[in-house]
Structure formats: C-alpha cells, structure tokens
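Shown next: work_2.cif, containing mmCIF, C-alpha atoms and all ligand atoms.
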data_model
loop_
_atom_site.label_atom_id
_atom_site.label_comp_id
_atom_site.auth_asym_id
_atom_site.auth_seq_id
_atom_site.Cartn_x
_atom_site.Cartn_y
_atom_site.Cartn_z
CA MET A 2 0.00 0.00 0.00
CA SER A 3 1.11 3.54 -0.54
CA THR A 4 2.19 6.07 2.02
CA VAL A 5 -0.70 8.19 3.26
CA SER A 6 0.74 11.58 2.48
CA PHE A 7 2.51 12.06 -0.78
CA ILE A 8 5.08 14.83 -1.08
CA PRO A 9 5.96 15.40 -4.73
CA LYS A 10 9.56 16.09 -5.66
CA TRP A 11 9.45 15.46 -9.40
CA VAL A 12 6.94 15.82 -12.21
CA ASP A 13 6.13 13.46 -15.07
CA PHE A 14 3.26 15.26 -16.75
CA HIS A 15 2.73 12.84 -19.65
CA CYS A 16 3.27 9.11 -19.30
CA HIS A 17 1.36 6.13 -20.74
CA LEU A 18 1.57 4.01 -17.59
CA ASP A 19 -0.98 1.53 -18.92
CA LEU A 20 1.21 0.66 -21.90
CA TYR A 21 4.03 -0.80 -19.77
CA PRO A 22 3.92 -4.52 -18.94
CA ASP A 23 4.77 -3.70 -15.29
CA HIS A 24 2.42 -0.74 -14.88
CA GLN A 25 1.57 -1.51 -11.25
CA ARG A 26 5.25 -1.45 -10.35
CA LEU A 27 5.66 1.93 -12.04
CA ILE A 28 2.79 3.31 -10.00
CA ARG A 29 4.47 2.12 -6.79
CA GLU A 30 7.76 3.62 -7.99
CA SER A 31 6.08 7.00 -8.63
CA ASP A 32 4.68 6.96 -5.10
CA MET A 33 7.92 5.91 -3.43
CA GLU A 34 10.19 8.26 -5.36
CA GLY A 35 7.93 11.29 -5.11
CA ILE A 36 7.10 11.62 -8.80
CA ALA A 37 3.80 13.34 -9.51
CA THR A 38 2.73 11.45 -12.61
CA LEU A 39 -0.02 12.27 -15.06
CA ALA A 40 -1.03 8.96 -16.61
CA VAL A 41 -2.53 9.90 -19.95
CA THR A 42 -4.84 7.48 -21.72
CA THR A 43 -5.34 7.00 -25.44
CA THR A 44 -9.04 6.03 -25.42
CA PRO A 45 -11.97 6.87 -23.15
CA LYS A 46 -12.53 3.13 -22.61
CA ALA A 47 -9.13 2.89 -20.90
CA PHE A 48 -9.98 5.57 -18.31
CA ALA A 49 -11.86 3.42 -15.78
CA ARG A 50 -9.19 0.72 -15.70
CA ASN A 51 -6.48 3.36 -15.21
CA VAL A 52 -8.38 4.93 -12.32
CA GLU A 53 -8.73 1.52 -10.75
CA MET A 54 -5.00 0.84 -11.13
CA ALA A 55 -4.05 4.13 -9.48
CA THR A 56 -6.56 4.11 -6.64
CA GLY A 57 -4.72 4.47 -3.34
CA TYR A 58 -1.62 5.93 -5.00
CA PRO A 59 -1.71 9.72 -4.58
CA SER A 60 1.25 10.28 -6.91
CA VAL A 61 -0.76 9.30 -9.97
CA ARG A 62 -3.48 11.30 -11.70
CA ILE A 63 -5.37 9.97 -14.68
CA GLY A 64 -6.05 11.92 -17.85
CA LEU A 65 -9.13 11.17 -19.94
CA GLY A 66 -7.88 10.92 -23.51
CA LEU A 67 -8.69 10.26 -27.13
CA HIS A 68 -5.40 10.15 -29.02
CA PRO A 69 -5.41 11.82 -32.45
CA GLN A 70 -3.61 8.81 -33.95
CA LEU A 71 -6.52 6.62 -32.83
CA VAL A 72 -9.35 8.83 -34.02
CA ALA A 73 -9.80 6.71 -37.15
CA GLU A 74 -10.82 3.67 -35.05
CA ARG A 75 -12.03 5.33 -31.85
CA ALA A 76 -13.98 8.44 -32.83
CA GLY A 77 -17.09 6.47 -31.79
CA GLU A 78 -15.94 6.79 -28.16
CA LEU A 79 -16.44 10.55 -28.20
CA PRO A 80 -19.82 10.31 -26.41
CA LEU A 81 -18.13 8.21 -23.70
CA PHE A 82 -15.42 10.90 -23.43
CA GLU A 83 -18.10 13.53 -22.88
CA LYS A 84 -19.89 11.42 -20.26
CA LEU A 85 -16.70 10.76 -18.27
CA LEU A 86 -15.34 14.29 -18.49
CA SER A 87 -16.94 15.58 -15.29
CA GLN A 88 -14.99 12.89 -13.38
CA SER A 89 -11.54 14.12 -14.32
CA SER A 90 -9.67 17.39 -13.98
CA TYR A 91 -7.10 16.04 -16.41
CA VAL A 92 -7.58 15.52 -20.13
CA GLY A 93 -5.09 13.78 -22.39
CA GLU A 94 -3.79 12.61 -24.60
CA VAL A 95 -5.76 14.69 -27.08
CA GLY A 96 -4.76 16.89 -30.01
CA LEU A 97 -3.93 16.74 -33.70
CA ASP A 98 -1.43 14.80 -35.83
CA ALA A 99 -0.79 15.86 -39.42
CA SER A 100 2.09 13.47 -40.09
CA PRO A 101 1.71 11.46 -43.34
CA ARG A 102 0.37 8.31 -41.66
CA PHE A 103 -2.51 10.15 -40.04
CA TYR A 104 -3.18 13.02 -42.40
CA ALA A 105 -5.98 11.21 -44.26
CA ASN A 106 -8.35 11.64 -41.33
CA PHE A 107 -7.17 15.08 -40.25
CA PRO A 108 -10.68 16.56 -40.68
CA ASP A 109 -12.06 13.88 -38.32
CA GLN A 110 -9.27 14.62 -35.83
CA GLN A 111 -10.19 18.30 -35.98
CA ARG A 112 -13.86 17.56 -35.37
CA VAL A 113 -13.00 15.37 -32.35
CA PHE A 114 -10.49 17.87 -30.95
CA GLU A 115 -12.99 20.72 -31.27
CA ARG A 116 -15.62 18.74 -29.41
CA VAL A 117 -13.09 17.88 -26.71
CA LEU A 118 -12.15 21.56 -26.34
CA CYS A 119 -15.78 22.73 -26.31
CA ALA A 120 -16.70 20.18 -23.63
CA CYS A 121 -13.70 21.24 -21.50
CA ASN A 122 -14.51 24.89 -22.05
CA GLU A 123 -18.08 24.36 -20.88
CA GLN A 124 -17.16 22.46 -17.70
CA GLY A 125 -14.04 24.47 -16.86
CA ASP A 126 -11.22 23.51 -14.49
CA LYS A 127 -9.42 21.12 -16.86
CA ILE A 128 -5.73 20.66 -17.55
CA LEU A 129 -5.12 19.30 -21.04
CA SER A 130 -2.06 17.39 -22.30
CA ILE A 131 -1.98 18.13 -26.02
CA HIS A 132 -0.28 16.37 -28.95
CA SER A 133 0.51 18.66 -31.90
CA VAL A 134 2.74 16.77 -34.36
CA ARG A 135 3.08 18.85 -37.56
CA ALA A 136 -0.11 20.63 -36.51
CA ILE A 137 0.87 23.24 -33.95
CA SER A 138 -0.64 26.21 -35.78
CA THR A 139 -3.96 24.36 -36.21
CA VAL A 140 -3.87 23.36 -32.54
CA LEU A 141 -3.25 26.96 -31.45
CA ARG A 142 -6.07 28.20 -33.69
CA ALA A 143 -8.42 25.62 -32.15
CA LEU A 144 -7.38 26.69 -28.62
CA GLU A 145 -8.03 30.34 -29.53
CA ALA A 146 -11.43 29.52 -30.97
CA HIS A 147 -12.73 26.98 -28.44
CA LEU A 148 -10.87 27.22 -25.14
CA SER A 149 -11.47 30.74 -23.88
CA ASN A 150 -12.36 29.52 -20.35
CA ARG A 151 -9.40 30.72 -18.25
CA THR A 152 -9.88 27.91 -15.72
CA CYS A 153 -8.71 25.48 -18.42
CA VAL A 154 -4.96 25.20 -19.01
CA PRO A 155 -3.39 23.67 -22.11
CA VAL A 156 -0.08 21.86 -21.72
CA LEU A 157 1.73 21.30 -25.00
CA HIS A 158 3.35 17.89 -24.82
CA TRP A 159 6.44 17.33 -27.05
CA PHE A 160 6.20 20.78 -28.66
CA THR A 161 8.27 20.96 -31.86
CA GLY A 162 7.19 24.34 -33.22
CA THR A 163 9.06 27.56 -33.74
CA LYS A 164 9.80 30.39 -31.34
CA SER A 165 7.00 32.49 -32.78
CA GLU A 166 4.54 29.60 -32.35
CA ALA A 167 5.79 29.16 -28.79
CA THR A 168 5.21 32.89 -28.21
CA ARG A 169 1.62 32.54 -29.41
CA ALA A 170 1.18 29.50 -27.17
CA ILE A 171 2.53 31.39 -24.16
CA GLU A 172 0.09 34.22 -24.84
CA LEU A 173 -2.68 31.62 -24.80
CA GLY A 174 -1.52 30.46 -21.35
CA CYS A 175 0.12 27.22 -22.46
CA TYR A 176 2.69 25.25 -20.49
CA PHE A 177 5.28 23.00 -22.17
CA SER A 178 6.13 19.50 -20.96
CA ILE A 179 9.66 18.58 -22.00
CA ASN A 180 10.94 15.02 -22.47
CA ALA A 181 14.38 13.42 -22.82
CA GLU A 182 14.12 12.93 -26.58
CA MET A 183 13.38 16.61 -27.14
CA ILE A 184 16.52 17.42 -25.18
CA GLN A 185 18.59 15.07 -27.40
CA GLU A 186 17.35 16.93 -30.49
CA LYS A 187 19.98 19.62 -31.24
CA LYS A 188 17.67 21.79 -33.31
CA MET A 189 15.37 22.11 -30.29
CA HIS A 190 18.11 23.53 -28.07
CA PRO A 191 17.61 27.25 -28.79
CA LEU A 192 13.91 26.92 -27.99
CA LEU A 193 14.51 24.82 -24.86
CA ARG A 194 16.92 27.47 -23.59
CA TRP A 195 14.49 30.26 -24.38
CA LEU A 196 11.20 28.95 -22.91
CA PRO A 197 10.18 30.96 -19.84
CA PRO A 198 10.85 29.05 -16.59
CA ASP A 199 7.32 29.61 -15.31
CA ARG A 200 5.87 27.55 -18.18
CA LEU A 201 8.14 24.51 -17.90
CA LEU A 202 7.04 21.01 -16.95
CA THR A 203 8.77 17.67 -17.48
CA GLU A 204 7.42 14.45 -18.94
CA THR A 205 8.61 11.01 -20.05
CA ASP A 206 6.04 10.16 -22.76
CA GLY A 207 7.01 6.62 -21.84
CA PRO A 208 7.10 3.98 -23.10
CA PHE A 209 7.44 5.73 -26.49
CA VAL A 210 10.57 7.64 -25.53
CA LYS A 211 13.71 5.57 -25.06
CA PHE A 212 16.25 6.24 -22.34
CA GLY A 213 19.43 4.57 -23.53
CA TYR A 214 18.18 1.28 -24.98
CA ARG A 215 15.09 0.80 -22.84
CA PRO A 216 11.74 2.56 -22.56
CA ILE A 217 11.98 5.57 -20.27
CA ARG A 218 10.22 5.39 -16.86
CA PRO A 219 8.95 8.07 -14.48
CA SER A 220 11.97 7.31 -12.27
CA ASP A 221 14.15 8.71 -15.10
CA ILE A 222 12.69 12.19 -14.52
CA PRO A 223 15.54 13.31 -12.18
CA ALA A 224 18.04 12.53 -14.97
CA THR A 225 15.80 14.32 -17.50
CA VAL A 226 15.71 17.42 -15.27
CA GLU A 227 19.49 17.29 -14.97
CA LEU A 228 19.88 17.24 -18.79
CA LEU A 229 17.48 20.15 -19.22
CA ALA A 230 19.20 22.10 -16.45
CA ARG A 231 22.58 21.65 -18.12
CA LEU A 232 21.12 22.92 -21.40
CA ARG A 233 19.62 25.96 -19.68
CA ALA A 234 22.82 26.60 -17.69
CA THR A 235 21.09 26.30 -14.36
CA GLY A 236 21.33 23.87 -11.45
CA GLY A 237 19.43 20.59 -11.47
CA SER A 238 17.93 21.06 -8.02
CA GLU A 239 17.02 24.64 -8.88
CA LEU A 240 15.18 23.56 -12.03
CA ALA A 241 13.50 20.70 -10.17
CA LEU A 242 12.04 23.26 -7.74
CA VAL A 243 10.88 25.50 -10.59
CA VAL A 244 9.08 22.59 -12.30
CA LEU A 245 7.55 21.50 -9.01
CA ALA A 246 6.30 25.03 -8.29
CA ASN A 247 4.75 25.17 -11.78
CA PHE A 248 3.07 21.82 -11.20
CA GLN A 249 1.72 22.95 -7.85
CA ALA A 250 0.41 26.24 -9.22
CA LEU A 251 -1.23 24.38 -12.07
CA THR A 252 -2.85 21.63 -10.05
CA LEU A 253 -3.75 23.60 -6.93
CA GLY A 254 -7.13 22.45 -5.75
CA LYS A 255 -7.27 19.64 -8.28
CA PRO A 256 -7.78 16.30 -6.55
CA PRO A 257 -5.88 13.25 -7.73
CA SER A 258 -7.90 10.63 -9.59
CA PRO A 259 -11.39 9.77 -8.33
CA PRO A 260 -11.45 6.56 -6.29
CA ALA A 261 -12.47 3.66 -8.50
CA ASN A 262 -15.62 3.02 -6.47
CA GLN A 263 -16.85 6.53 -7.21
CA LEU A 264 -16.40 6.16 -10.92
CA HIS A 265 -19.70 6.11 -12.70
CA LEU A 266 -19.83 4.60 -16.13
CA PHE A 267 -22.99 5.71 -17.81
CA GLU A 268 -23.04 2.97 -20.37
CA ALA A 269 -21.64 -0.50 -20.78
CA VAL A 270 -18.29 -0.37 -22.52
MN MN B 1 2.00 10.39 -25.64
#

As structure tokens, what does this structure read like?
Amino acid sequence: MSTVSFIPKWVDFHCHLDLYPDHQRLIRESDMEGIATLAVTTTPKAFARNVEMATGYPSVRIGLGLHPQLVAERAGELPLFEKLLSQSSYVGEVGLDASPRFYANFPDQQRVFERVLCACNEQGDKILSIHSVRAISTVLRALEAHLSNRTCVPVLHWFTGTKSEATRAIELGCYFSINAEMIQEKKMHPLLRWLPPDRLLTETDGPFVKFGYRPIRPSDIPATVELLARLRATGGSELALVVLANFQALTLGKPPSPPANQLHLFEAV
C-alpha cells in the first residue's frame, strides 16, 4: 500500500503508464520516489481501468484521452469521453497529428479535438495534455477559438514548433512538458533554452521515448531534469524546484484521480 501523504519532488506530466507490462510497479515507484505522474490514456474506454490501477496511489493522476492517432478507429468513443469528463480534472492525450500516416483523417481529428475543447470549455477547471505533431498552428487556432475559459490550461506535450509559435502558445496560457528525446534533439536547443521558466514542466512520454536502450520510466525524470538544467545553464535542483512550483500552481485544488468506487460509467463499454 502507498504512504498516506505524498510529497511530490518530481513531475512526469505525460506518461502512458498503462502501456508498460509492469504498470503496477511503475505506480508504486512514482509513489515511493515522489514523482507526480499524469497517466494519460489514449481512449476513453481505458480511463476506468487506469483509475482503478491508481486508486490508493496519490502520486498518480489519470487523464481522460482520445489520441489523435486513434481517431480513425475510436472516434465512436467521443460520447463516452463527454460522459466521463466531469470525473476528471485532467484531459489527455488529445490533439492533432498531421504526419503522413494520419493526415488522411485530419478533418475527423479536428472535429473530435474541437468537441473535446468545447466540452472542457463548458465544464471548466481542466488541464489538457496536447499532442501537436506537424499541426501546432492548427492546434493553437483551435485553442483560440474553443478554449477561452481561463480555468482550463493547455499543456503542450512534445512541442516541436518555432519560437513564434511558442510565443503565441505562451500568450494563450500554455505550459510545455519537455521530455528526454526533445533534449537530445539539437535543433530544439535554442527553444529549450528560451522557454520561460514559469511555463516549464517535465514528462517522459514513456514507453514511447527511449532512455538509452530501454523505454523511459517516471523514475528517469531526475536525470531528465538534470539534462534540461545543463542545457539551460542552471542547477538541477534549482530547475526541479521550478518545475515543481509550476506543477503545484497548475494543479492547486485539483484532486488526484477519483477513487475507482466513485467512478460512474454511464453505459456498458
Ligand atoms: Mn504520448
């Protein structure tokens, strides 16, 4: 069982815990090592099982997601997304993907993303973890058009846009969650040095990101912070505190995941 009070030291704001074979062990690791972990999901159907897995572990929060790369097969789960939304303060992974493999259904992705944003905007008090591969300007336009509710905060996960796009995103109130692979990418360095400290978060995007030859884990966040600190010419412990303060400001008043026994599924899935 987990410790009763959880004191976060580190932040993994985008991790697919349910895609690891040893997910329960990762949840225990997050709790023991003080890593506040946002477990994003890729389909609304996965939400309930994720909540169940994380119940009793205060380090883990569950995002309700509908991944843009899965919209082709899973757009039919949009009504389930809307029904479950009131049970989560966290939304993700959602967004748009205009890379060649997924471009064919880009209009469907846009329709789904707009509905996700409108539903969040209506309920308020949501933090969104957003995918924007080759689609950052469309994502920013959608945020401008459909997410005016200031109690909702977009977090751009694995941002790969330009400085001027980042400036627009900052004006819209976006945060940026930075992972180890972004830090390895030399052409990202000027942007990673330039991003304002008060908008920085860290993530693993595990198991998709590799750390050495194995899938990254939330327990690799301290090393990720160290790499980012070196790049930004600051101290690791200093940056860790900055990220933690950002996380706390962002999630203030937001409870961790609902206990599994309070989760109401409105329809059989
Ligand atoms: Mn992801």

Surrounding residues of Cys153 of chain A excluding itself and chain neighbours under 6 positions, 12 Å, only C-alpha atoms, as an mmCIF file with C-alpha atoms, in the coordinates of the input:
data_model
loop_
_atom_site.group_PDB
_atom_site.id
_atom_site.type_symbol
_atom_site.label_atom_id
_atom_site.label_comp_id
_atom_site.auth_asym_id
_atom_site.auth_seq_id
_atom_site.Cartn_x
_atom_site.Cartn_y
_atom_site.Cartn_z
ATOM 1 C CA SER A 90 -9.670 17.390 -13.980
ATOM 2 C CA TYR A 91 -7.100 16.040 -16.410
ATOM 3 C CA VAL A 92 -7.580 15.520 -20.130
ATOM 4 C CA LEU A 118 -12.150 21.560 -26.340
ATOM 5 C CA CYS A 119 -15.780 22.730 -26.310
ATOM 6 C CA ALA A 120 -16.700 20.180 -23.630
ATOM 7 C CA CYS A 121 -13.700 21.240 -21.500
ATOM 8 C CA ASN A 122 -14.510 24.890 -22.050
ATOM 9 C CA GLU A 123 -18.080 24.360 -20.880
ATOM 10 C CA GLN A 124 -17.160 22.460 -17.700
ATOM 11 C CA GLY A 125 -14.040 24.470 -16.860
ATOM 12 C CA ASP A 126 -11.220 23.510 -14.490
ATOM 13 C CA LYS A 127 -9.420 21.120 -16.860
ATOM 14 C CA ILE A 128 -5.730 20.660 -17.550
ATOM 15 C CA LEU A 129 -5.120 19.300 -21.040
ATOM 16 C CA SER A 130 -2.060 17.390 -22.300
ATOM 17 C CA LEU A 144 -7.380 26.690 -28.620
ATOM 18 C CA HIS A 147 -12.730 26.980 -28.440
ATOM 19 C CA LEU A 173 -2.680 31.620 -24.800
ATOM 20 C CA GLY A 174 -1.520 30.460 -21.350
ATOM 21 C CA CYS A 175 0.120 27.220 -22.460
ATOM 22 C CA TYR A 176 2.690 25.250 -20.490
ATOM 23 C CA LEU A 251 -1.230 24.380 -12.070
ATOM 24 C CA THR A 252 -2.850 21.630 -10.050
ATOM 25 C CA LYS A 255 -7.270 19.640 -8.280
#

Contacts to ligand MN 1 (chain B) at 10 Å cut-off (only C-alpha atoms and all ligand atoms) as a VMD selection string: chain A and resid 15 to 17 40 to 43 68 93 to 95 130 to 132 158 to 159 204 to 210

Which residues are near Val226 of chain A? Cut-off 10 Å, all atoms listed in the file, ignore same chain within fewer than 6 positions. Put them as an mmCIF file with C-alpha atoms, in the coordinates of the input.
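Output contents, as saved in out30.cif:
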data_model
loop_
_atom_site.group_PDB
_atom_site.id
_atom_site.type_symbol
_atom_site.label_atom_id
_atom_site.label_comp_id
_atom_site.auth_asym_id
_atom_site.auth_seq_id
_atom_site.Cartn_x
_atom_site.Cartn_y
_atom_site.Cartn_z
ATOM 1 C CA TRP A 11 9.450 15.460 -9.400
ATOM 2 C CA VAL A 12 6.940 15.820 -12.210
ATOM 3 C CA ILE A 179 9.660 18.580 -22.000
ATOM 4 C CA ASN A 180 10.940 15.020 -22.470
ATOM 5 C CA ALA A 181 14.380 13.420 -22.820
ATOM 6 C CA ILE A 184 16.520 17.420 -25.180
ATOM 7 C CA LEU A 202 7.040 21.010 -16.950
ATOM 8 C CA THR A 203 8.770 17.670 -17.480
ATOM 9 C CA GLU A 204 7.420 14.450 -18.940
ATOM 10 C CA LEU A 232 21.120 22.920 -21.400
ATOM 11 C CA GLY A 236 21.330 23.870 -11.450
ATOM 12 C CA GLY A 237 19.430 20.590 -11.470
ATOM 13 C CA SER A 238 17.930 21.060 -8.020
ATOM 14 C CA GLU A 239 17.020 24.640 -8.880
ATOM 15 C CA LEU A 240 15.180 23.560 -12.030
ATOM 16 C CA ALA A 241 13.500 20.700 -10.170
ATOM 17 C CA VAL A 244 9.080 22.590 -12.300
#

List the neighbours of segment 18-34 of chain A out to 12 Å using only C-alpha atoms; skip same-chain residues closer than 3 positions along the sequence, and give me the result as a tab-separated table (two decimals) with C-alpha atoms, in the frame of the given file.
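Contents of the output file out-v5.tsv:
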chain	number	residue	atom	x	y	z
A	2	MET	CA	0.00	0.00	0.00
A	3	SER	CA	1.11	3.54	-0.54
A	4	THR	CA	2.19	6.07	2.02
A	5	VAL	CA	-0.70	8.19	3.26
A	6	SER	CA	0.74	11.58	2.48
A	7	PHE	CA	2.51	12.06	-0.78
A	8	ILE	CA	5.08	14.83	-1.08
A	9	PRO	CA	5.96	15.40	-4.73
A	10	LYS	CA	9.56	16.09	-5.66
A	11	TRP	CA	9.45	15.46	-9.40
A	12	VAL	CA	6.94	15.82	-12.21
A	13	ASP	CA	6.13	13.46	-15.07
A	14	PHE	CA	3.26	15.26	-16.75
A	15	HIS	CA	2.73	12.84	-19.65
A	37	ALA	CA	3.80	13.34	-9.51
A	38	THR	CA	2.73	11.45	-12.61
A	39	LEU	CA	-0.02	12.27	-15.06
A	40	ALA	CA	-1.03	8.96	-16.61
A	41	VAL	CA	-2.53	9.90	-19.95
A	42	THR	CA	-4.84	7.48	-21.72
A	43	THR	CA	-5.34	7.00	-25.44
A	44	THR	CA	-9.04	6.03	-25.42
A	47	ALA	CA	-9.13	2.89	-20.90
A	48	PHE	CA	-9.98	5.57	-18.31
A	49	ALA	CA	-11.86	3.42	-15.78
A	50	ARG	CA	-9.19	0.72	-15.70
A	51	ASN	CA	-6.48	3.36	-15.21
A	52	VAL	CA	-8.38	4.93	-12.32
A	53	GLU	CA	-8.73	1.52	-10.75
A	54	MET	CA	-5.00	0.84	-11.13
A	55	ALA	CA	-4.05	4.13	-9.48
A	56	THR	CA	-6.56	4.11	-6.64
A	57	GLY	CA	-4.72	4.47	-3.34
A	58	TYR	CA	-1.62	5.93	-5.00
A	59	PRO	CA	-1.71	9.72	-4.58
A	60	SER	CA	1.25	10.28	-6.91
A	61	VAL	CA	-0.76	9.30	-9.97
A	62	ARG	CA	-3.48	11.30	-11.70
A	63	ILE	CA	-5.37	9.97	-14.68
A	64	GLY	CA	-6.05	11.92	-17.85
A	205	THR	CA	8.61	11.01	-20.05
A	206	ASP	CA	6.04	10.16	-22.76
A	207	GLY	CA	7.01	6.62	-21.84
A	208	PRO	CA	7.10	3.98	-23.10
A	209	PHE	CA	7.44	5.73	-26.49
A	215	ARG	CA	15.09	0.80	-22.84
A	216	PRO	CA	11.74	2.56	-22.56
A	217	ILE	CA	11.98	5.57	-20.27
A	218	ARG	CA	10.22	5.39	-16.86
A	219	PRO	CA	8.95	8.07	-14.48
A	220	SER	CA	11.97	7.31	-12.27
A	221	ASP	CA	14.15	8.71	-15.10
A	222	ILE	CA	12.69	12.19	-14.52
A	223	PRO	CA	15.54	13.31	-12.18

Tell me which protein, DNA and RNA residues are within 9 Å of Ala73 of chain A, counting all atoms listed in the file, leaving out same-chain ones fewer than 2 positions away, and put them as a short mmCIF file (atom, residue, chain, number, x, y, z; two decimals) with C-alpha atoms, in the frame of the given file.
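Heads up, here's the output in around_24.cif:
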data_model
loop_
_atom_site.label_atom_id
_atom_site.label_comp_id
_atom_site.auth_asym_id
_atom_site.auth_seq_id
_atom_site.Cartn_x
_atom_site.Cartn_y
_atom_site.Cartn_z
CA PRO A 69 -5.41 11.82 -32.45
CA GLN A 70 -3.61 8.81 -33.95
CA LEU A 71 -6.52 6.62 -32.83
CA ARG A 75 -12.03 5.33 -31.85
CA ALA A 76 -13.98 8.44 -32.83
CA PHE A 103 -2.51 10.15 -40.04
CA ASN A 106 -8.35 11.64 -41.33
CA ASP A 109 -12.06 13.88 -38.32
CA GLN A 110 -9.27 14.62 -35.83
#

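You will find atom CA of Arg151 of chain A at 13.3 Å from atom CA of Ile171 of chain A.
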
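Interatomic distance, atom CA of Ser100 of chain A to atom CA of Ala143 of chain A: 17.9 Å.
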
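Comparing the minimum interatomic distances between Pro80 of chain A and each of A:Val117, A:Ala146, A:Leu97, A:Ala167, counting only C-alpha atoms, we find that A:Val117 sits nearest.
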
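Closest to Ala136 of chain A among A:Lys46, A:Ala99, A:Gly162, A:Arg112 is A:Ala99, based on all atoms listed in the file.
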
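Taking atom CA of Gln88 of chain A and atom CA of Phe114 of chain A as the two end points, the separation is 18.8 Å.
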
Residue with smallest distance to Pro45 of chain A - pool A:Leu141, A:Val72, A:Leu229, A:Leu79, counting all atoms listed in the file: A:Leu79

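Here the question is which of A:Ser178, A:Thr168, A:Asn262, A:Thr139 gets nearest to Glu115 of chain A using only C-alpha atoms, and that residue is A:Thr139.
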
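The shortest atom-to-atom distance to Asn247 of chain A, with all atoms listed in the file taken into account, belongs to A:Phe177 out of A:Gln263, A:Thr235, A:Phe177, A:Met189.
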
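Considering the residues A:Glu182, A:Glu145, A:Arg233, A:Ser133 and counting all atoms listed in the file, Gly213 of chain A has its shortest atom-to-atom contact with A:Glu182.
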
Segment 172-179 of chain A rebuilt with all heavy atoms, output as a short mmCIF file (atom, residue, chain, number, x, y, z; two decimals), in the frame of the given file:
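So rebuild.cif came out as:
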data_model
loop_
_atom_site.label_atom_id
_atom_site.label_comp_id
_atom_site.auth_asym_id
_atom_site.auth_seq_id
_atom_site.Cartn_x
_atom_site.Cartn_y
_atom_site.Cartn_z
N GLU A 172 1.15 33.22 -24.96
CA GLU A 172 0.09 34.22 -24.84
C GLU A 172 -1.26 33.57 -24.55
O GLU A 172 -2.12 34.15 -23.89
CB GLU A 172 0.00 35.06 -26.12
CG GLU A 172 1.12 36.10 -26.20
CD GLU A 172 1.31 36.66 -27.61
OE1 GLU A 172 0.48 36.35 -28.50
OE2 GLU A 172 2.30 37.39 -27.82
N LEU A 173 -1.44 32.35 -25.06
CA LEU A 173 -2.68 31.62 -24.80
C LEU A 173 -2.68 30.92 -23.44
O LEU A 173 -3.63 30.22 -23.10
CB LEU A 173 -2.92 30.58 -25.90
CG LEU A 173 -3.33 31.12 -27.27
CD1 LEU A 173 -3.27 30.02 -28.33
CD2 LEU A 173 -4.74 31.70 -27.19
N GLY A 174 -1.58 31.05 -22.69
CA GLY A 174 -1.52 30.46 -21.35
C GLY A 174 -0.98 29.04 -21.31
O GLY A 174 -1.12 28.35 -20.30
N CYS A 175 -0.37 28.60 -22.41
CA CYS A 175 0.12 27.22 -22.46
C CYS A 175 1.36 26.99 -21.61
O CYS A 175 2.21 27.87 -21.48
CB CYS A 175 0.48 26.83 -23.90
SG CYS A 175 -0.90 26.75 -25.04
N TYR A 176 1.45 25.78 -21.08
CA TYR A 176 2.69 25.25 -20.49
C TYR A 176 3.30 24.29 -21.52
O TYR A 176 2.65 23.90 -22.48
CB TYR A 176 2.39 24.47 -19.22
CG TYR A 176 2.10 25.33 -18.02
CD1 TYR A 176 0.91 26.07 -17.93
CD2 TYR A 176 2.99 25.40 -16.96
CE1 TYR A 176 0.63 26.85 -16.82
CE2 TYR A 176 2.72 26.19 -15.85
CZ TYR A 176 1.54 26.91 -15.78
OH TYR A 176 1.28 27.68 -14.69
N PHE A 177 4.57 23.91 -21.27
CA PHE A 177 5.28 23.00 -22.17
C PHE A 177 5.85 21.85 -21.34
O PHE A 177 6.62 22.11 -20.40
CB PHE A 177 6.43 23.74 -22.87
CG PHE A 177 5.97 24.92 -23.70
CD1 PHE A 177 5.69 26.14 -23.10
CD2 PHE A 177 5.81 24.78 -25.07
CE1 PHE A 177 5.26 27.23 -23.87
CE2 PHE A 177 5.38 25.86 -25.85
CZ PHE A 177 5.10 27.09 -25.25
N SER A 178 5.50 20.62 -21.69
CA SER A 178 6.13 19.50 -20.96
C SER A 178 7.23 18.90 -21.83
O SER A 178 7.01 18.49 -22.96
CB SER A 178 5.11 18.46 -20.48
OG SER A 178 4.29 17.99 -21.50
N ILE A 179 8.43 18.89 -21.26
CA ILE A 179 9.66 18.58 -22.00
C ILE A 179 10.13 17.17 -21.67
O ILE A 179 10.20 16.80 -20.50
CB ILE A 179 10.79 19.57 -21.58
CG1 ILE A 179 10.31 21.03 -21.60
CG2 ILE A 179 12.04 19.37 -22.44
CD1 ILE A 179 9.87 21.55 -22.92
#
